[in-house]
file work-v7.cif (mmCIF, C-alpha atoms and all ligand atoms)
data_entry
#
loop_
_atom_site.label_atom_id
_atom_site.label_comp_id
_atom_site.auth_asym_id
_atom_site.auth_seq_id
_atom_site.Cartn_x
_atom_site.Cartn_y
_atom_site.Cartn_z
CA MET Q 283 26.97 -28.42 9.67
CA LEU Q 284 30.54 -27.79 8.60
CA PHE Q 285 33.10 -30.53 8.02
CA LYS Q 286 36.52 -28.95 8.33
CA ASN Q 287 40.05 -30.23 7.97
CA VAL Q 288 39.00 -33.09 5.66
CA ARG Q 289 40.67 -34.63 2.64
CA LEU Q 290 37.87 -34.36 0.09
CA ILE Q 291 37.65 -37.31 -2.30
CA LEU Q 292 36.46 -35.62 -5.48
CA PRO Q 293 35.84 -37.54 -8.73
CA ASP Q 294 39.17 -36.52 -10.26
CA ARG Q 295 41.41 -35.78 -7.27
CA ILE Q 296 41.87 -35.66 -3.54
CA GLN Q 297 41.83 -32.16 -2.15
CA PRO Q 298 43.75 -31.78 1.12
CA ALA Q 299 42.76 -29.47 3.98
CA GLY Q 300 39.24 -29.05 2.59
CA ALA Q 301 35.90 -28.13 4.07
CA LEU Q 302 32.34 -29.03 3.16
CA ARG Q 303 29.12 -27.40 4.35
CA VAL Q 304 25.83 -29.26 4.69
CA ARG Q 305 22.56 -27.39 4.76
CA ASP Q 306 19.04 -28.86 4.65
CA GLY Q 307 20.40 -32.33 3.97
CA CYS Q 308 22.35 -31.27 0.92
CA ILE Q 309 25.93 -30.33 0.14
CA ALA Q 310 25.75 -26.52 0.18
CA GLN Q 311 29.39 -25.56 -0.32
CA ILE Q 312 32.77 -27.14 -0.97
CA SER Q 313 35.96 -25.20 -0.32
CA ALA Q 314 38.12 -24.30 -3.28
CA PRO Q 315 41.76 -25.45 -3.10
CA GLY Q 316 43.49 -23.45 -0.35
CA GLU Q 317 40.23 -21.87 0.82
CA THR Q 318 39.01 -22.17 4.42
CA LEU Q 319 35.32 -21.95 5.22
CA ALA Q 320 34.47 -20.15 8.48
CA ALA Q 321 31.69 -21.53 10.65
CA GLU Q 322 28.48 -19.54 10.56
CA PRO Q 323 26.82 -18.47 13.82
CA GLY Q 324 25.23 -21.51 15.47
CA GLU Q 325 26.61 -23.93 12.90
CA ALA Q 326 27.82 -27.34 14.15
CA VAL Q 327 31.45 -28.01 13.23
CA LEU Q 328 33.10 -31.40 12.82
CA ASP Q 329 36.90 -31.11 12.78
CA ALA Q 330 37.99 -34.32 11.06
CA ASN Q 331 41.73 -33.96 11.69
CA GLY Q 332 42.63 -34.75 8.10
CA LYS Q 333 40.41 -37.79 7.62
CA PHE Q 334 38.97 -38.56 4.19
CA LEU Q 335 35.46 -37.37 3.33
CA ALA Q 336 33.94 -39.36 0.46
CA PRO Q 337 30.51 -39.59 -1.13
CA GLY Q 338 28.42 -42.35 0.48
CA PHE Q 339 28.77 -45.63 -1.35
CA VAL Q 340 26.12 -46.99 -3.71
CA ASP Q 341 25.85 -50.79 -3.78
CA MET Q 342 23.74 -52.24 -6.60
CA HIS Q 343 23.94 -55.79 -5.32
CA ILE Q 344 23.27 -56.68 -1.67
CA HIS Q 345 21.38 -59.76 -0.49
CA GLY Q 346 21.69 -59.42 3.24
CA ALA Q 347 23.64 -59.16 6.47
CA LEU Q 348 23.54 -60.51 10.01
CA ARG Q 349 21.56 -63.60 8.95
CA ARG Q 350 18.86 -61.36 7.48
CA ASP Q 351 18.05 -61.70 3.78
CA SER Q 352 16.10 -59.68 1.22
CA MET Q 353 14.09 -62.84 0.50
CA GLU Q 354 12.45 -62.53 3.92
CA ALA Q 355 10.40 -59.82 2.23
CA SER Q 356 10.03 -57.98 5.51
CA PRO Q 357 10.59 -54.28 6.18
CA GLU Q 358 12.30 -55.25 9.42
CA ALA Q 359 14.85 -57.43 7.58
CA PHE Q 360 15.36 -54.68 4.97
CA SER Q 361 16.03 -52.17 7.73
CA GLN Q 362 18.58 -54.41 9.49
CA ILE Q 363 20.43 -54.96 6.21
CA CYS Q 364 20.50 -51.22 5.48
CA LYS Q 365 21.75 -50.40 8.97
CA PHE Q 366 24.53 -52.97 8.79
CA HIS Q 367 25.82 -51.80 5.43
CA ALA Q 368 25.88 -48.16 6.56
CA SER Q 369 28.74 -49.32 8.79
CA GLY Q 370 30.70 -49.97 5.58
CA GLY Q 371 29.98 -46.48 4.26
CA THR Q 372 27.08 -47.50 2.03
CA THR Q 373 24.31 -44.90 1.88
CA ALA Q 374 22.27 -46.30 -1.04
CA LEU Q 375 21.70 -49.92 -2.02
CA ALA Q 376 19.63 -52.22 -4.16
CA LEU Q 377 18.23 -55.16 -2.19
CA THR Q 378 18.78 -58.26 -4.26
CA THR Q 379 16.68 -61.39 -4.67
CA VAL Q 380 17.80 -64.93 -5.51
CA SER Q 381 16.24 -67.48 -7.84
CA ALA Q 382 12.94 -68.45 -6.24
CA PRO Q 383 9.33 -69.26 -7.07
CA GLN Q 384 7.53 -66.29 -8.58
CA SER Q 385 5.41 -65.71 -5.47
CA GLU Q 386 8.52 -65.18 -3.34
CA ILE Q 387 10.04 -62.69 -5.77
CA VAL Q 388 6.77 -60.75 -5.95
CA ALA Q 389 6.58 -60.77 -2.14
CA VAL Q 390 9.92 -58.92 -2.03
CA LEU Q 391 8.66 -56.36 -4.56
CA LYS Q 392 5.50 -55.86 -2.50
CA ALA Q 393 7.40 -55.55 0.78
CA ALA Q 394 9.60 -52.85 -0.73
CA GLY Q 395 6.47 -50.72 -0.96
CA SER Q 396 5.79 -50.94 2.76
CA ILE Q 397 8.98 -49.26 3.96
CA ASP Q 398 10.07 -45.65 3.51
CA PRO Q 399 13.17 -46.22 1.35
CA ASN Q 400 14.82 -43.08 2.73
CA ALA Q 401 14.15 -43.82 6.41
CA THR Q 402 15.54 -47.29 7.07
CA GLY Q 403 17.83 -46.08 9.85
CA GLY Q 404 20.80 -46.89 7.57
CA ALA Q 405 21.42 -46.83 3.85
CA ARG Q 406 18.54 -45.75 1.62
CA ILE Q 407 16.91 -48.39 -0.57
CA VAL Q 408 17.11 -47.38 -4.22
CA GLY Q 409 15.18 -50.42 -5.40
CA ILE Q 410 15.21 -54.16 -5.91
CA HIS Q 411 17.72 -56.01 -8.04
CA ILE Q 412 16.06 -59.19 -9.31
CA GLU Q 413 18.94 -61.70 -9.63
CA GLY Q 414 17.54 -64.80 -11.30
CA PRO Q 415 15.72 -67.04 -11.94
CA TYR Q 416 16.46 -66.74 -15.69
CA PHE Q 417 19.93 -68.28 -15.41
CA SER Q 418 21.95 -70.93 -17.16
CA LYS Q 419 22.01 -74.27 -15.36
CA GLU Q 420 25.71 -74.34 -16.27
CA LYS Q 421 26.39 -71.33 -14.02
CA PRO Q 422 24.11 -71.58 -10.98
CA GLY Q 423 26.61 -70.36 -8.35
CA ALA Q 424 24.71 -70.45 -5.06
CA HIS Q 425 21.30 -70.47 -6.79
CA LEU Q 426 19.34 -73.71 -6.57
CA PRO Q 427 19.49 -75.34 -10.06
CA ASP Q 428 15.91 -76.66 -9.74
CA LEU Q 429 14.60 -73.10 -9.55
CA LEU Q 430 16.36 -71.86 -12.68
CA ARG Q 431 14.11 -71.47 -15.70
CA HIS Q 432 13.70 -69.72 -19.04
CA PRO Q 433 12.22 -66.21 -19.22
CA ASN Q 434 8.47 -66.39 -18.87
CA PRO Q 435 6.41 -63.38 -20.05
CA ALA Q 436 3.63 -64.17 -17.57
CA GLU Q 437 6.14 -63.83 -14.73
CA TYR Q 438 8.12 -60.82 -15.82
CA SER Q 439 5.07 -58.88 -16.89
CA GLU Q 440 3.89 -59.22 -13.28
CA TRP Q 441 7.22 -57.73 -12.14
CA LEU Q 442 6.51 -54.73 -14.36
CA GLN Q 443 3.59 -53.77 -12.10
CA TYR Q 444 6.36 -52.78 -9.66
CA ARG Q 445 8.65 -51.27 -12.27
CA ASP Q 446 9.42 -48.14 -10.21
CA ARG Q 447 10.86 -50.33 -7.45
CA ILE Q 448 13.11 -52.42 -9.71
CA THR Q 449 16.59 -51.10 -10.42
CA GLN Q 450 17.89 -53.98 -12.48
CA VAL Q 451 17.40 -57.60 -13.49
CA THR Q 452 20.22 -60.10 -13.92
CA LEU Q 453 19.61 -62.79 -16.51
CA ALA Q 454 21.45 -65.03 -18.96
CA PRO Q 455 21.00 -63.53 -22.46
CA GLU Q 456 21.41 -66.87 -24.29
CA LEU Q 457 18.25 -68.46 -22.89
CA PRO Q 458 15.19 -68.96 -25.12
CA GLY Q 459 12.99 -65.88 -24.75
CA ALA Q 460 15.73 -63.78 -23.13
CA LEU Q 461 15.92 -61.15 -25.87
CA ALA Q 462 12.19 -60.37 -25.68
CA CYS Q 463 12.52 -60.20 -21.91
CA ILE Q 464 15.47 -57.78 -22.14
CA GLU Q 465 13.45 -55.57 -24.48
CA ALA Q 466 10.40 -55.54 -22.21
CA LEU Q 467 12.48 -54.71 -19.14
CA CYS Q 468 14.45 -51.96 -20.88
CA ALA Q 469 11.23 -50.46 -22.24
CA ALA Q 470 10.01 -50.26 -18.63
CA GLY Q 471 13.17 -48.37 -17.61
CA ILE Q 472 14.75 -51.34 -15.85
CA ARG Q 473 18.45 -51.96 -16.29
CA VAL Q 474 19.41 -55.41 -17.59
CA SER Q 475 22.63 -57.08 -16.52
CA GLY Q 476 24.03 -60.31 -17.94
CA GLY Q 477 25.05 -62.90 -15.40
CA HIS Q 478 25.00 -66.55 -14.34
CA SER Q 479 25.42 -67.05 -18.04
CA ASP Q 480 27.10 -69.48 -20.39
CA ALA Q 481 26.66 -67.13 -23.36
CA TRP Q 482 28.78 -67.37 -26.47
CA ASP Q 483 30.07 -64.17 -28.02
CA GLU Q 484 27.07 -63.79 -30.34
CA ASP Q 485 24.59 -64.39 -27.49
CA ALA Q 486 26.21 -61.59 -25.51
CA ALA Q 487 26.22 -59.32 -28.56
CA ALA Q 488 22.52 -60.04 -29.14
CA GLY Q 489 21.75 -59.21 -25.50
CA PHE Q 490 23.66 -55.97 -25.90
CA ALA Q 491 21.81 -55.11 -29.11
CA HIS Q 492 18.53 -55.53 -27.23
CA GLY Q 493 19.58 -53.29 -24.35
CA MET Q 494 21.77 -55.23 -21.90
CA ARG Q 495 24.38 -52.78 -20.57
CA GLN Q 496 25.86 -54.43 -17.51
CA ALA Q 497 27.63 -57.60 -16.42
CA THR Q 498 26.78 -59.04 -13.00
CA HIS Q 499 29.73 -59.94 -10.71
CA THR Q 500 32.16 -60.02 -13.64
CA PHE Q 501 34.29 -63.21 -13.77
CA ASN Q 502 32.02 -65.06 -11.31
CA CYS Q 503 29.43 -67.45 -12.84
CA MET Q 504 30.18 -66.23 -16.36
CA SER Q 505 31.37 -67.83 -19.60
CA GLY Q 506 34.86 -66.98 -20.79
CA ALA Q 507 36.81 -67.55 -23.99
CA ARG Q 508 36.65 -71.15 -25.22
CA ARG Q 509 36.99 -73.19 -28.35
CA ARG Q 510 34.34 -73.80 -30.94
CA GLY Q 511 35.89 -76.47 -33.10
CA PRO Q 512 39.42 -75.20 -33.81
CA TYR Q 513 38.59 -71.53 -33.15
CA ARG Q 514 38.72 -69.61 -29.87
CA VAL Q 515 35.79 -67.24 -29.29
CA ALA Q 516 34.71 -64.88 -26.53
CA GLY Q 517 32.20 -65.55 -23.80
CA LEU Q 518 30.17 -63.01 -21.87
CA LEU Q 519 33.31 -62.07 -19.92
CA GLU Q 520 35.35 -60.92 -22.89
CA PHE Q 521 32.33 -59.31 -24.51
CA ALA Q 522 31.78 -57.21 -21.38
CA MET Q 523 35.47 -56.35 -21.10
CA GLY Q 524 35.68 -55.26 -24.72
CA GLU Q 525 32.45 -53.28 -25.04
CA PRO Q 526 32.84 -49.76 -23.61
CA GLU Q 527 29.11 -49.36 -22.90
CA MET Q 528 29.00 -52.42 -20.66
CA LEU Q 529 29.43 -51.57 -16.98
CA CYS Q 530 31.14 -54.38 -15.10
CA GLU Q 531 30.13 -55.22 -11.55
CA LEU Q 532 33.09 -56.47 -9.52
CA ILE Q 533 33.07 -58.19 -6.14
CA ALA Q 534 36.43 -56.81 -5.03
CA ASP Q 535 36.50 -58.57 -1.66
CA GLY Q 536 39.90 -60.06 -2.49
CA HIS Q 537 38.45 -63.60 -2.64
CA HIS Q 538 35.90 -63.77 -5.48
CA VAL Q 539 38.36 -62.56 -8.12
CA SER Q 540 42.16 -62.65 -7.97
CA PRO Q 541 44.18 -59.41 -8.07
CA THR Q 542 45.60 -60.23 -11.52
CA LEU Q 543 42.10 -60.64 -12.96
CA MET Q 544 40.94 -57.42 -11.29
CA ARG Q 545 43.95 -55.63 -12.75
CA ALA Q 546 43.11 -56.96 -16.21
CA LEU Q 547 39.54 -55.72 -15.81
CA TYR Q 548 40.74 -52.29 -14.71
CA ARG Q 549 43.06 -52.06 -17.72
CA ALA Q 550 40.23 -53.05 -20.05
CA LYS Q 551 37.43 -50.95 -18.59
CA GLY Q 552 39.23 -47.95 -17.10
CA PRO Q 553 38.01 -46.16 -13.98
CA ASP Q 554 34.52 -45.45 -15.35
CA GLY Q 555 33.67 -48.98 -16.47
CA ILE Q 556 33.59 -50.79 -13.13
CA ALA Q 557 30.97 -50.72 -10.36
CA LEU Q 558 32.05 -52.30 -7.09
CA VAL Q 559 29.36 -54.49 -5.52
CA THR Q 560 29.59 -56.43 -2.29
CA ASP Q 561 27.03 -59.13 -3.24
CA ALA Q 562 26.92 -59.46 0.56
CA GLY Q 563 24.69 -62.17 1.99
CA GLY Q 564 23.33 -63.04 5.40
CA GLY Q 565 26.84 -64.08 6.45
CA ALA Q 566 28.04 -60.46 6.50
CA GLY Q 567 28.65 -59.47 10.10
CA LEU Q 568 28.62 -63.08 11.39
CA ALA Q 569 31.57 -64.87 13.02
CA VAL Q 570 33.65 -67.57 11.33
CA GLY Q 571 31.83 -70.91 11.52
CA GLU Q 572 28.33 -69.43 11.76
CA SER Q 573 25.81 -70.54 9.16
CA PHE Q 574 23.05 -68.75 7.27
CA MET Q 575 20.74 -69.34 4.31
CA VAL Q 576 21.03 -68.10 0.72
CA GLY Q 577 17.50 -68.78 -0.48
CA CYS Q 578 17.18 -72.47 0.43
CA ILE Q 579 20.91 -73.22 0.30
CA LYS Q 580 22.81 -73.39 3.57
CA ALA Q 581 26.10 -71.48 3.72
CA VAL Q 582 28.89 -71.13 6.25
CA VAL Q 583 31.18 -68.21 7.06
CA HIS Q 584 34.91 -68.80 6.63
CA ASP Q 585 37.73 -66.29 7.06
CA GLY Q 586 36.73 -63.39 4.80
CA ILE Q 587 34.29 -65.40 2.66
CA SER Q 588 31.22 -67.60 2.84
CA LEU Q 589 30.84 -70.93 1.08
CA THR Q 590 27.96 -73.30 0.44
CA GLU Q 591 27.85 -75.95 3.17
CA ASP Q 592 29.62 -78.55 0.99
CA GLY Q 593 32.38 -76.02 0.21
CA SER Q 594 31.79 -76.29 -3.53
CA ALA Q 595 30.84 -72.69 -4.31
CA LEU Q 596 31.19 -69.17 -3.02
CA ALA Q 597 27.90 -68.07 -1.45
CA CYS Q 598 27.65 -64.28 -1.62
CA SER Q 599 30.31 -62.29 0.22
CA VAL Q 600 30.70 -61.15 3.81
CA ALA Q 601 32.21 -57.81 2.77
CA ARG Q 602 31.30 -54.20 3.29
CA MET Q 603 31.91 -51.60 0.59
CA ASN Q 604 34.84 -49.82 2.28
CA GLU Q 605 36.72 -53.15 2.24
CA LEU Q 606 36.23 -53.38 -1.54
CA VAL Q 607 37.59 -49.87 -2.00
CA ARG Q 608 40.59 -50.84 0.13
CA THR Q 609 41.21 -53.97 -1.97
CA MET Q 610 41.18 -51.93 -5.19
CA VAL Q 611 43.72 -49.50 -3.75
CA GLU Q 612 46.00 -52.03 -2.05
CA LYS Q 613 45.87 -55.02 -4.41
CA VAL Q 614 44.96 -53.49 -7.78
CA ASP Q 615 46.92 -50.21 -7.41
CA VAL Q 616 43.90 -48.09 -8.31
CA PRO Q 617 44.10 -44.44 -7.17
CA LEU Q 618 41.82 -43.87 -4.18
CA GLN Q 619 39.57 -41.34 -5.94
CA GLU Q 620 38.99 -43.84 -8.77
CA ALA Q 621 38.21 -46.69 -6.38
CA VAL Q 622 35.74 -44.43 -4.57
CA GLY Q 623 34.18 -43.49 -7.92
CA MET Q 624 33.68 -47.20 -8.67
CA ALA Q 625 31.78 -47.43 -5.37
CA SER Q 626 29.74 -44.26 -5.71
CA LEU Q 627 29.55 -42.24 -8.93
CA ASN Q 628 29.66 -45.16 -11.40
CA PRO Q 629 26.74 -47.07 -9.84
CA ALA Q 630 24.86 -43.79 -9.28
CA LYS Q 631 25.18 -43.04 -13.01
CA ALA Q 632 24.08 -46.54 -13.96
CA LEU Q 633 20.94 -46.13 -11.87
CA GLY Q 634 20.27 -42.63 -13.18
CA LEU Q 635 20.78 -41.14 -9.71
CA ASP Q 636 23.95 -39.10 -10.25
CA HIS Q 637 21.96 -35.85 -10.40
CA THR Q 638 21.01 -36.35 -6.72
CA LEU Q 639 23.81 -38.42 -5.16
CA GLY Q 640 27.07 -40.26 -5.79
CA SER Q 641 29.73 -37.53 -5.65
CA LEU Q 642 30.85 -34.53 -3.62
CA GLN Q 643 29.20 -31.72 -5.50
CA SER Q 644 27.16 -28.72 -4.36
CA GLY Q 645 23.43 -29.36 -4.55
CA LEU Q 646 23.62 -33.15 -4.18
CA LYS Q 647 22.36 -35.02 -1.13
CA ALA Q 648 24.79 -34.93 1.79
CA ASP Q 649 25.26 -38.72 1.75
CA LEU Q 650 28.78 -38.87 3.12
CA VAL Q 651 31.31 -41.23 4.64
CA LEU Q 652 34.24 -40.26 6.82
CA LEU Q 653 37.19 -42.65 6.38
CA ASN Q 654 40.44 -42.98 8.30
CA ASP Q 655 43.88 -43.55 6.78
CA ASP Q 656 43.23 -47.32 6.58
CA LEU Q 657 39.89 -46.68 4.86
CA GLY Q 658 38.02 -47.83 7.94
CA VAL Q 659 34.62 -46.15 8.29
CA GLU Q 660 34.46 -43.63 11.12
CA MET Q 661 31.03 -42.14 10.43
CA THR Q 662 28.33 -42.39 7.77
CA PHE Q 663 25.78 -39.65 7.05
CA LEU Q 664 22.53 -39.75 5.13
CA GLU Q 665 21.36 -36.29 4.04
CA GLY Q 666 23.65 -34.89 6.72
CA GLN Q 667 22.18 -37.10 9.50
CA ARG Q 668 24.56 -39.55 11.10
CA VAL Q 669 23.44 -43.18 10.55
CA PHE Q 670 26.68 -44.79 11.68
ZN ZN G 1 25.03 -64.04 -8.31
#

call {"tool": "encode", "arguments": {"input": "work-v7.cif", "output": "structure tokens"}}
result
Amino acid sequence: MLFKNVRLILPDRIQPAGALRVRDGCIAQISAPGETLAAEPGEAVLDANGKFLAPGFVDMHIHGALRRDSMEASPEAFSQICKFHASGGTTALALTTVSAPQSEIVAVLKAAGSIDPNATGGARIVGIHIEGPYFSKEKPGAHLPDLLRHPNPAEYSEWLQYRDRITQVTLAPELPGALACIEALCAAGIRVSGGHSDAWDEDAAAGFAHGMRQATHTFNCMSGARRRGPYRVAGLLEFAMGEPEMLCELIADGHHVSPTLMRALYRAKGPDGIALVTDAGGGAGLAVGESFMVGCIKAVVHDGISLTEDGSALACSVARMNELVRTMVEKVDVPLQEAVGMASLNPAKALGLDHTLGSLQSGLKADLVLLNDDLGVEMTFLEGQRVF
């Protein structure tokens, strides 16, 4: 298949009037600047009339959509979530758990083994992101405080039986036992992200020294600079902003974090230090006023966001990834190719997948998204097959 007359969103630039050839599910050829690729005999041609062609988006943090949730631990729910998020240009995602009893978390890990991760009918599943339960009770967000607990080796060693299915674990590095947990997870090849944390500077630094390399939904449910006696010291937020090796997740739905804060993060981290995540929950795709569950907490959809029923906390997002890219361009003044990189190449690198997906490059999987001028998704392709 040949895509012609596309604006190619490459990692470092946008190439106008480009063409891209897909063969056997992979990107086979990309036109050089000014070059036109002629269709081969029998080859399907898609003339995109100047639309953008970007790498499919990689979302490391998705709970659900359409009232379906990863915690259902059912291949059918997983498939519905993956199909929905393909409509936002996402072609690879990590299904994300919430704080829950151990048996429910393990059920999700088991269920992930009973679905072909590359044949969901939508985005591929790259693994499970275990978010909680090792969180600070000071920063529960939409997690039920009663379910939060300290790292327990008996629990997390059971997770390690499914290590190949786990992309990352979010935990609070200041909790008793957290550093040993971080070490055990990192040794098993699992990425550790700090989040729902009330860490002081030195707690964050200790987590980093033991292998923590990411911050979960930066700014949200995270300690910031505060006073200790007369002195002002950093929290996890400033540690993550100041440490180049920390990748910062950002829910750029325009509601979770204000444009000024997002701009500050962009100035601190640069284009390579941010990974856009939707943190979408079961409210994604529902109408305003409809309710859904986040674990055992009831949440309601409002205009562009979802809140816990009492309105006291944000409960996941209702966003799709193309909307986050749009927010970064329109409200944070980030160049489009950089915003796309934050939604594709940066998370792909973090998950060690950039040798197979995450950018427009010959030899990589043809996971692609066709975007219009307003960054609305026109079509999404997984290995060259249209899934939206
Ligand atoms: Zn969270």

call {"tool": "closest_residue", "arguments": {"input": "work-v7.cif", "among": "Q:Val515, Q:Ile472, Q:Val380, Q:Leu633", "to": "ligand ZN 1 (chain G)", "atoms": "all atoms listed in the file"}}
result
Q:Val380

call {"tool": "closest_residue", "arguments": {"input": "work-v7.cif", "among": "Q:Val340, Q:Ala299, Q:Ala389, Q:Cys463", "to": "Gly316 (chain Q)", "atoms": "only C-alpha atoms"}}
result
Q:Ala299

call {"tool": "closest_residue", "arguments": {"input": "work-v7.cif", "among": "Q:Gln643, Q:Gln619, Q:Thr609, Q:Thr498", "to": "Asp554 (chain Q)", "atoms": "only C-alpha atoms"}}
result
Q:Gln619

call {"tool": "atom_distance", "arguments": {"input": "work-v7.cif", "atom1": "CA of Ala374 (chain Q)", "atom2": "CA of Phe490 (chain Q)"}}
result
26.7 Å

call {"tool": "closest_residue", "arguments": {"input": "work-v7.cif", "among": "Q:Val570, Q:Leu335, Q:Ala486, Q:Leu453", "to": "ligand ZN 1 (chain G)", "atoms": "only C-alpha atoms and all ligand atoms"}}
result
Q:Leu453

call {"tool": "residues_near_ligand", "arguments": {"input": "work-v7.cif", "ligand": "ligand ZN 1 (chain G)", "cutoff": "7 Å", "atoms": "only C-alpha atoms and all ligand atoms", "output": "list in words"}}
result
Glu413, Gly423, His478 and His499 of chain Q

call {"tool": "closest_residue", "arguments": {"input": "work-v7.cif", "among": "Q:Glu440, Q:Asp351, Q:Asp636, Q:Glu665", "to": "Gly403 (chain Q)", "atoms": "only C-alpha atoms"}}
result
Q:Glu665

call {"tool": "axis_aligned_box", "arguments": {"input": "work-v7.cif", "around": "region 553-568 of chain Q", "padding_each_side": "6 Å", "output": "JSON"}}
result
{"center_x": 30.7, "center_y": -54.8, "center_z": -2.5, "size_x": 26.7, "size_y": 30.6, "size_z": 39.9}

call {"tool": "closest_residue", "arguments": {"input": "work-v7.cif", "among": "Q:Ile412, Q:Val659, Q:Met610, Q:Ala562", "to": "Arg545 (chain Q)", "atoms": "only C-alpha atoms"}}
result
Q:Met610

call {"tool": "residues_around", "arguments": {"input": "work-v7.cif", "residues": "Ser385 (chain Q)", "least_positions_apart": "5", "cutoff": "12 Å", "atoms": "all atoms listed in the file", "output": "list in words"}}
result
Met353, Ala355, Val390, Leu391, Lys392, Glu437, Tyr438, Glu440 and Trp441 of chain Q

call {"tool": "write_last_selection", "arguments": {"input": "work-v7.cif", "atoms": "C-alpha atoms", "output": "PDB file, keeping the file's coordinate frame"}}
result
ATOM      1  CA  MET Q 353      14.090 -62.840   0.500  1.00  0.00           C
ATOM      2  CA  ALA Q 355      10.400 -59.820   2.230  1.00  0.00           C
ATOM      3  CA  VAL Q 390       9.920 -58.920  -2.030  1.00  0.00           C
ATOM      4  CA  LEU Q 391       8.660 -56.360  -4.560  1.00  0.00           C
ATOM      5  CA  LYS Q 392       5.500 -55.860  -2.500  1.00  0.00           C
ATOM      6  CA  GLU Q 437       6.140 -63.830 -14.730  1.00  0.00           C
ATOM      7  CA  TYR Q 438       8.120 -60.820 -15.820  1.00  0.00           C
ATOM      8  CA  GLU Q 440       3.890 -59.220 -13.280  1.00  0.00           C
ATOM      9  CA  TRP Q 441       7.220 -57.730 -12.140  1.00  0.00           C
TER      10      TRP Q 441
END

call {"tool": "decode", "arguments": {"input": "work-v7.cif", "residues": "region 432-464 of chain Q", "atoms": "C-alpha atoms", "output": "PDB file, in the first residue's frame"}}
result
ATOM      1  CA  HIS Q 432       3.055  -0.462  51.928  1.00  0.00           C
ATOM      2  CA  PRO Q 433       5.054  -2.591  49.473  1.00  0.00           C
ATOM      3  CA  ASN Q 434       4.681  -6.238  50.371  1.00  0.00           C
ATOM      4  CA  PRO Q 435       7.276  -8.698  48.983  1.00  0.00           C
ATOM      5  CA  ALA Q 436       4.770 -11.561  49.067  1.00  0.00           C
ATOM      6  CA  GLU Q 437       2.507  -9.579  46.741  1.00  0.00           C
ATOM      7  CA  TYR Q 438       4.992  -8.134  44.309  1.00  0.00           C
ATOM      8  CA  SER Q 439       6.941 -11.353  43.988  1.00  0.00           C
ATOM      9  CA  GLU Q 440       3.694 -12.914  42.744  1.00  0.00           C
ATOM     10  CA  TRP Q 441       3.471 -10.149  40.115  1.00  0.00           C
ATOM     11  CA  LEU Q 442       6.943 -11.150  38.926  1.00  0.00           C
ATOM     12  CA  GLN Q 443       5.533 -14.485  37.714  1.00  0.00           C
ATOM     13  CA  TYR Q 444       3.949 -12.335  34.985  1.00  0.00           C
ATOM     14  CA  ARG Q 445       6.938 -10.071  34.481  1.00  0.00           C
ATOM     15  CA  ASP Q 446       6.809 -10.256  30.664  1.00  0.00           C
ATOM     16  CA  ARG Q 447       3.302  -8.778  30.732  1.00  0.00           C
ATOM     17  CA  ILE Q 448       4.121  -5.861  33.042  1.00  0.00           C
ATOM     18  CA  THR Q 449       5.385  -2.661  31.455  1.00  0.00           C
ATOM     19  CA  GLN Q 450       5.639  -0.531  34.555  1.00  0.00           C
ATOM     20  CA  VAL Q 451       4.612  -0.126  38.182  1.00  0.00           C
ATOM     21  CA  THR Q 452       3.648   3.184  39.768  1.00  0.00           C
ATOM     22  CA  LEU Q 453       4.465   3.495  43.455  1.00  0.00           C
ATOM     23  CA  ALA Q 454       5.369   6.078  46.093  1.00  0.00           C
ATOM     24  CA  PRO Q 455       9.141   5.804  46.726  1.00  0.00           C
ATOM     25  CA  GLU Q 456       8.964   7.133  50.307  1.00  0.00           C
ATOM     26  CA  LEU Q 457       6.959   4.211  51.704  1.00  0.00           C
ATOM     27  CA  PRO Q 458       8.623   1.652  53.989  1.00  0.00           C
ATOM     28  CA  GLY Q 459       9.934  -1.173  51.793  1.00  0.00           C
ATOM     29  CA  ALA Q 460       9.630   0.838  48.565  1.00  0.00           C
ATOM     30  CA  LEU Q 461      13.335   0.849  47.724  1.00  0.00           C
ATOM     31  CA  ALA Q 462      13.608  -2.951  47.906  1.00  0.00           C
ATOM     32  CA  CYS Q 463      10.473  -3.180  45.782  1.00  0.00           C
ATOM     33  CA  ILE Q 464      11.915  -0.791  43.166  1.00  0.00           C
TER      34      ILE Q 464
END
